[in-house]
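Chemist: One file: structure-v7.pdb (PDB, C-alpha atoms).
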```
MODEL        1
ATOM      1  CA  MET A   7      11.876   2.801  -6.029
ATOM      2  CA  ASP A   8       9.106   2.898  -3.437
ATOM      3  CA  VAL A   9      10.473   1.331  -0.269
ATOM      4  CA  LYS A  10       8.407   3.023   2.416
ATOM      5  CA  GLY A  11       7.962   0.707   5.375
ATOM      6  CA  LYS A  12      10.440  -1.825   4.023
ATOM      7  CA  VAL A  13      14.035  -2.683   4.817
ATOM      8  CA  VAL A  14      15.917  -2.684   1.544
ATOM      9  CA  THR A  15      19.277  -4.324   1.222
ATOM     10  CA  VAL A  16      21.332  -2.866  -1.580
ATOM     11  CA  PHE A  17      22.839  -5.267  -4.103
ATOM     12  CA  ASP A  18      24.400  -3.272  -6.976
ATOM     13  CA  LEU A  19      23.414  -0.762  -9.617
ATOM     14  CA  SER A  20      23.407  -3.079 -12.607
ATOM     15  CA  TRP A  21      23.727  -6.786 -13.353
ATOM     16  CA  SER A  22      25.399  -5.814 -16.616
ATOM     17  CA  ARG A  23      28.576  -4.819 -14.847
ATOM     18  CA  THR A  24      28.741  -7.313 -11.993
ATOM     19  CA  PRO A  25      31.383  -9.509 -13.712
ATOM     20  CA  ASP A  26      33.727  -6.522 -13.401
ATOM     21  CA  ILE A  27      33.306  -6.259  -9.632
ATOM     22  CA  ARG A  28      33.457  -9.871  -8.515
ATOM     23  CA  PRO A  29      36.272 -10.440  -6.033
ATOM     24  CA  PRO A  30      39.134 -10.232  -6.387
ATOM     25  CA  VAL A  31      38.705  -6.560  -7.161
ATOM     26  CA  SER A  32      40.872  -3.654  -6.094
ATOM     27  CA  VAL A  33      40.078  -2.003  -2.782
ATOM     28  CA  GLU A  34      39.658   1.288  -4.620
ATOM     29  CA  ALA A  35      37.166  -0.125  -7.167
ATOM     30  CA  LEU A  36      35.115  -1.841  -4.471
ATOM     31  CA  GLY A  37      35.071   1.264  -2.274
ATOM     32  CA  ALA A  38      34.030   3.416  -5.242
ATOM     33  CA  MET A  39      31.213   1.008  -6.141
ATOM     34  CA  LEU A  40      29.894   0.990  -2.548
ATOM     35  CA  MET A  41      29.901   4.793  -2.484
ATOM     36  CA  GLU A  42      28.260   5.001  -5.928
ATOM     37  CA  VAL A  43      25.462   2.653  -4.873
ATOM     38  CA  ARG A  44      24.983   4.542  -1.607
ATOM     39  CA  ASP A  45      24.883   7.903  -3.397
ATOM     40  CA  ARG A  46      22.375   6.660  -5.974
ATOM     41  CA  PHE A  47      20.167   5.329  -3.190
ATOM     42  CA  ILE A  48      20.318   8.682  -1.396
ATOM     43  CA  LYS A  49      19.413  10.456  -4.634
ATOM     44  CA  GLU A  50      16.427   8.177  -5.275
ATOM     45  CA  GLU A  51      15.174   7.637  -1.730
ATOM     46  CA  GLY A  52      16.451  10.572   0.282
ATOM     47  CA  LYS A  53      18.417   8.473   2.749
ATOM     48  CA  ALA A  54      21.347   6.107   2.770
ATOM     49  CA  PRO A  55      20.856   2.343   2.786
ATOM     50  CA  LYS A  56      21.854   0.454   5.904
ATOM     51  CA  GLY A  57      22.384  -3.033   4.497
ATOM     52  CA  TRP A  58      24.444  -4.656   1.766
ATOM     53  CA  LEU A  59      24.179  -7.938  -0.100
ATOM     54  CA  GLY A  60      27.143  -8.247  -2.437
ATOM     55  CA  PRO A  61      26.849  -9.281  -6.052
ATOM     56  CA  PHE A  62      27.007 -13.064  -6.234
ATOM     57  CA  ILE A  63      26.914 -13.065  -2.405
ATOM     58  CA  SER A  64      30.642 -12.493  -2.341
ATOM     59  CA  GLN A  65      33.074 -10.335  -0.458
ATOM     60  CA  SER A  66      36.714  -9.493  -0.405
ATOM     61  CA  PRO A  67      38.617  -9.385   2.876
ATOM     62  CA  ASN A  68      38.241  -5.596   2.690
ATOM     63  CA  THR A  69      34.479  -5.453   2.185
ATOM     64  CA  PRO A  70      33.361  -5.175   5.851
ATOM     65  CA  GLU A  71      35.606  -2.172   6.514
ATOM     66  CA  LEU A  72      34.676  -0.509   3.225
ATOM     67  CA  LEU A  73      30.999  -0.992   4.056
ATOM     68  CA  LEU A  74      31.476   0.796   7.372
ATOM     69  CA  GLU A  75      33.395   3.586   5.626
ATOM     70  CA  ALA A  76      30.467   4.044   3.228
ATOM     71  CA  GLY A  77      27.965   4.154   6.109
ATOM     72  CA  TYR A  78      26.457   0.657   5.901
ATOM     73  CA  THR A  79      25.673  -0.978   9.248
ATOM     74  CA  TYR A  80      24.981  -4.581   8.230
ATOM     75  CA  MET A  81      25.898  -7.087   5.538
ATOM     76  CA  MET A  82      24.222 -10.278   4.344
ATOM     77  CA  ASP A  83      26.952 -12.150   2.459
ATOM     78  CA  TRP A  84      27.706 -14.897   4.954
ATOM     79  CA  TYR A  85      26.223 -18.378   5.159
ATOM     80  CA  PHE A  86      26.013 -19.561   8.750
ATOM     81  CA  ASP A  87      23.354 -20.517  11.234
ATOM     82  CA  GLU A  88      20.376 -18.272  11.893
ATOM     83  CA  GLN A  89      22.095 -16.099  14.493
ATOM     84  CA  PRO A  90      23.325 -12.634  13.514
ATOM     85  CA  GLN A  91      26.977 -12.061  14.354
ATOM     86  CA  TRP A  92      28.986  -8.929  14.972
ATOM     87  CA  PHE A  93      32.141  -8.873  12.856
ATOM     88  CA  ARG A  94      35.110  -6.972  14.234
ATOM     89  CA  THR A  95      36.994  -4.699  11.890
ATOM     90  CA  ASP A  96      39.618  -2.003  12.335
ATOM     91  CA  ARG A  97      36.818   0.543  11.802
ATOM     92  CA  GLY A  98      34.502  -1.006  14.402
ATOM     93  CA  PRO A  99      31.781  -3.670  14.409
ATOM     94  CA  ILE A 100      29.429  -4.485  11.545
ATOM     95  CA  LEU A 101      26.432  -6.777  11.876
ATOM     96  CA  ALA A 102      26.467  -9.893   9.700
ATOM     97  CA  VAL A 103      22.904 -11.018   9.062
ATOM     98  CA  PRO A 104      22.904 -14.607   7.820
ATOM     99  CA  TYR A 105      22.060 -15.148   4.178
ATOM    100  CA  PRO A 106      19.231 -17.676   3.761
ATOM    101  CA  SER A 107      20.387 -21.236   3.755
ATOM    102  CA  MET A 108      20.203 -23.255   0.603
ATOM    103  CA  GLU A 109      16.963 -24.738   1.951
ATOM    104  CA  LEU A 110      14.800 -21.600   1.984
ATOM    105  CA  ASN A 111      16.208 -20.208  -1.233
ATOM    106  CA  ASP A 112      13.954 -20.719  -4.234
ATOM    107  CA  ILE A 113      16.796 -21.303  -6.706
ATOM    108  CA  PRO A 114      18.196 -24.481  -5.116
ATOM    109  CA  ALA A 115      14.841 -25.613  -3.699
ATOM    110  CA  ILE A 116      12.625 -25.192  -6.752
ATOM    111  CA  VAL A 117      15.062 -25.134  -9.653
ATOM    112  CA  ALA A 118      17.730 -27.588  -8.506
ATOM    113  CA  ARG A 119      15.854 -29.967  -6.177
ATOM    114  CA  LYS A 120      12.519 -29.628  -8.024
ATOM    115  CA  GLU A 121      10.444 -28.896  -4.903
ATOM    116  CA  ASN A 122       6.910 -27.883  -5.814
ATOM    117  CA  ALA A 123       5.416 -24.572  -4.697
ATOM    118  CA  ALA A 124       3.267 -26.118  -1.949
ATOM    119  CA  ASP A 125       6.245 -27.943  -0.444
ATOM    120  CA  PHE A 126       8.341 -24.763  -0.540
ATOM    121  CA  ALA A 127       5.564 -22.834   1.238
ATOM    122  CA  ASP A 128       5.295 -25.612   3.845
ATOM    123  CA  MET A 129       9.056 -25.406   4.376
ATOM    124  CA  ILE A 130       8.728 -21.682   5.125
ATOM    125  CA  VAL A 131       5.923 -22.219   7.644
ATOM    126  CA  ASP A 132       7.677 -25.175   9.312
ATOM    127  CA  GLN A 133      10.947 -23.239   9.509
ATOM    128  CA  PHE A 134       9.103 -20.350  11.111
ATOM    129  CA  ASP A 135       7.376 -22.591  13.684
ATOM    130  CA  GLU A 136      10.636 -24.262  14.704
ATOM    131  CA  MET A 137      12.609 -21.038  14.826
ATOM    132  CA  LEU A 138       9.909 -19.346  16.856
ATOM    133  CA  ALA A 139      10.274 -22.098  19.463
ATOM    134  CA  GLN A 140      14.076 -21.799  19.432
ATOM    135  CA  SER A 141      14.006 -17.996  19.580
ATOM    136  CA  ARG A 142      12.844 -17.983  23.175
ATOM    137  CA  ASP A 143      16.497 -18.326  24.196
ATOM    138  CA  GLN A 144      18.329 -16.534  21.374
ATOM    139  CA  SER A 145      17.872 -14.025  18.579
ATOM    140  CA  LEU A 146      17.338 -15.686  15.213
ATOM    141  CA  VAL A 147      16.904 -14.499  11.636
ATOM    142  CA  LEU A 148      14.469 -16.265   9.348
ATOM    143  CA  GLY A 149      15.992 -15.617   5.952
ATOM    144  CA  ILE A 150      14.124 -16.518   2.782
ATOM    145  CA  ALA A 151      15.696 -15.870  -0.629
ATOM    146  CA  LEU A 152      13.097 -15.235  -3.322
ATOM    147  CA  HIS A 153      13.515 -14.396  -6.990
ATOM    148  CA  PRO A 154      10.482 -13.020  -8.870
ATOM    149  CA  TYR A 155      11.205 -15.002 -12.009
ATOM    150  CA  ILE A 156      10.835 -18.210  -9.963
ATOM    151  CA  VAL A 157       8.292 -17.727  -7.162
ATOM    152  CA  GLY A 158       6.565 -14.887  -8.990
ATOM    153  CA  GLN A 159       5.111 -17.288 -11.510
ATOM    154  CA  PRO A 160       1.324 -17.309 -10.983
ATOM    155  CA  PHE A 161       1.169 -21.045 -10.267
ATOM    156  CA  ARG A 162       3.769 -20.631  -7.488
ATOM    157  CA  LEU A 163       2.713 -17.246  -6.155
ATOM    158  CA  ARG A 164      -0.502 -18.478  -4.553
ATOM    159  CA  GLN A 165       1.462 -20.921  -2.368
ATOM    160  CA  LEU A 166       4.001 -18.263  -1.411
ATOM    161  CA  ARG A 167       1.168 -15.958  -0.366
ATOM    162  CA  ARG A 168      -0.248 -18.775   1.761
ATOM    163  CA  ALA A 169       3.050 -19.027   3.619
ATOM    164  CA  PHE A 170       3.269 -15.282   4.193
ATOM    165  CA  GLU A 171      -0.349 -14.988   5.259
ATOM    166  CA  PHE A 172       0.427 -17.281   8.148
ATOM    167  CA  GLN A 173      -0.608 -14.920  10.944
ATOM    168  CA  PHE A 174       2.466 -15.161  13.139
ATOM    169  CA  LEU A 175       4.895 -15.110  10.239
ATOM    170  CA  ARG A 176       3.619 -11.706   9.110
ATOM    171  CA  ARG A 177       3.954 -10.341  12.633
ATOM    172  CA  PHE A 178       7.399 -11.909  13.052
ATOM    173  CA  VAL A 179       8.674 -10.488   9.769
ATOM    174  CA  HIS A 180       7.490  -7.014  10.768
ATOM    175  CA  LEU A 181       9.095  -7.227  14.204
ATOM    176  CA  GLY A 182      12.273  -8.576  12.648
ATOM    177  CA  ARG A 183      12.558  -5.619  10.299
ATOM    178  CA  GLU A 184      12.256  -3.194  13.211
ATOM    179  CA  ALA A 185      14.699  -5.146  15.369
ATOM    180  CA  LEU A 186      17.228  -5.418  12.568
ATOM    181  CA  ALA A 187      17.043  -1.730  11.798
ATOM    182  CA  ASP A 188      17.342  -0.864  15.504
ATOM    183  CA  SER A 189      20.249  -3.274  16.046
ATOM    184  CA  ALA A 190      22.097  -1.942  13.035
ATOM    185  CA  ALA A 191      21.562   1.622  14.203
ATOM    186  CA  LEU A 192      23.223   0.793  17.527
ATOM    187  CA  SER A 193      26.466  -0.380  15.918
TER     188      SER A 193
ENDMDL
END
```
Can you give me the file's structure in the form of structure tokens?
Modeler:
Amino acid sequence: MDVKGKVVTVFDLSWSRTPDIRPPVSVEALGAMLMEVRDRFIKEEGKAPKGWLGPFISQSPNTPELLLEAGYTYMMDWYFDEQPQWFRTDRGPILAVPYPSMELNDIPAIVARKENAADFADMIVDQFDEMLAQSRDQSLVLGIALHPYIVGQPFRLRQLRRAFEFQFLRRFVHLGREALADSAALS
């Protein structure tokens, strides 16, 4: 895994076993899986991951505290508006970074609603423009959920590149990565 210069959010070690860890799962099994993923990441990358996105975007009531115990500083399993929120736990705060809405997620947009690639790219740019205007008064996260088997198709990829080549979007994404990493480090 080459992740230099990127913020990587850990998901799981293998899709083949995710049915076994979907909540409800024992606290012990979940804690062991979080530690196993963290340890594998350290082995491969030389440092622990900071963020977590649970399999199937799901959590148990114990997940936030177990994440803190394993050294994670933010999680991305919650659907809510574009503002990050600090969750309180018995172990201290953990940052909840909003998971992308169903609008800027290629599965519901392209697969379910049959949006074409150009419309999806326009949605990304328009979302960015509006959120940039709103962010003058509050911190916002522009989340975009992408799956290579959908947007990675050559006939869709060109439009996705167009959206990401939007000058301010590239700068915003970069600044957001730094801000997220810095915010999580302060927790």
Chemist: Compute the distance from (41.4, -5.5, -2.1) to each atom, counting all atoms listed in the file, keep the residues with any atom at most 6 Å away, and return them as an MDAnalysis selection string; use the coordinates of the file.
Modeler: chainID A and resid 31:33 68
Chemist: Once the PyMOL selection byres ((chain A and resi 89-105) around 9) has been applied to the shown file, what residues remain in the selection, as a PyMOL selection string?
Modeler: chain A and resi 59+63+70-75+78-88+106-107+144-151+186+189-190+193
Chemist: With 5 Å added on each side, what axis-aligned box encloses every listed atom of region 99-114 of chain A? Give the centre and edge lengths in Å to one decimal, as AutoDock Vina command-line options.
Modeler:
```
--center_x 22.9 --center_y -14.2 --center_z 3.9 --size_x 27.8 --size_y 31.1 --size_z 31.1
```
Chemist: Tell me, in Å to one decimal, how far CA of Arg167 (chain A) is from CA of Ala118 (chain A).
Modeler: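 That distance, rounded to one decimal, is 21.8 Å.
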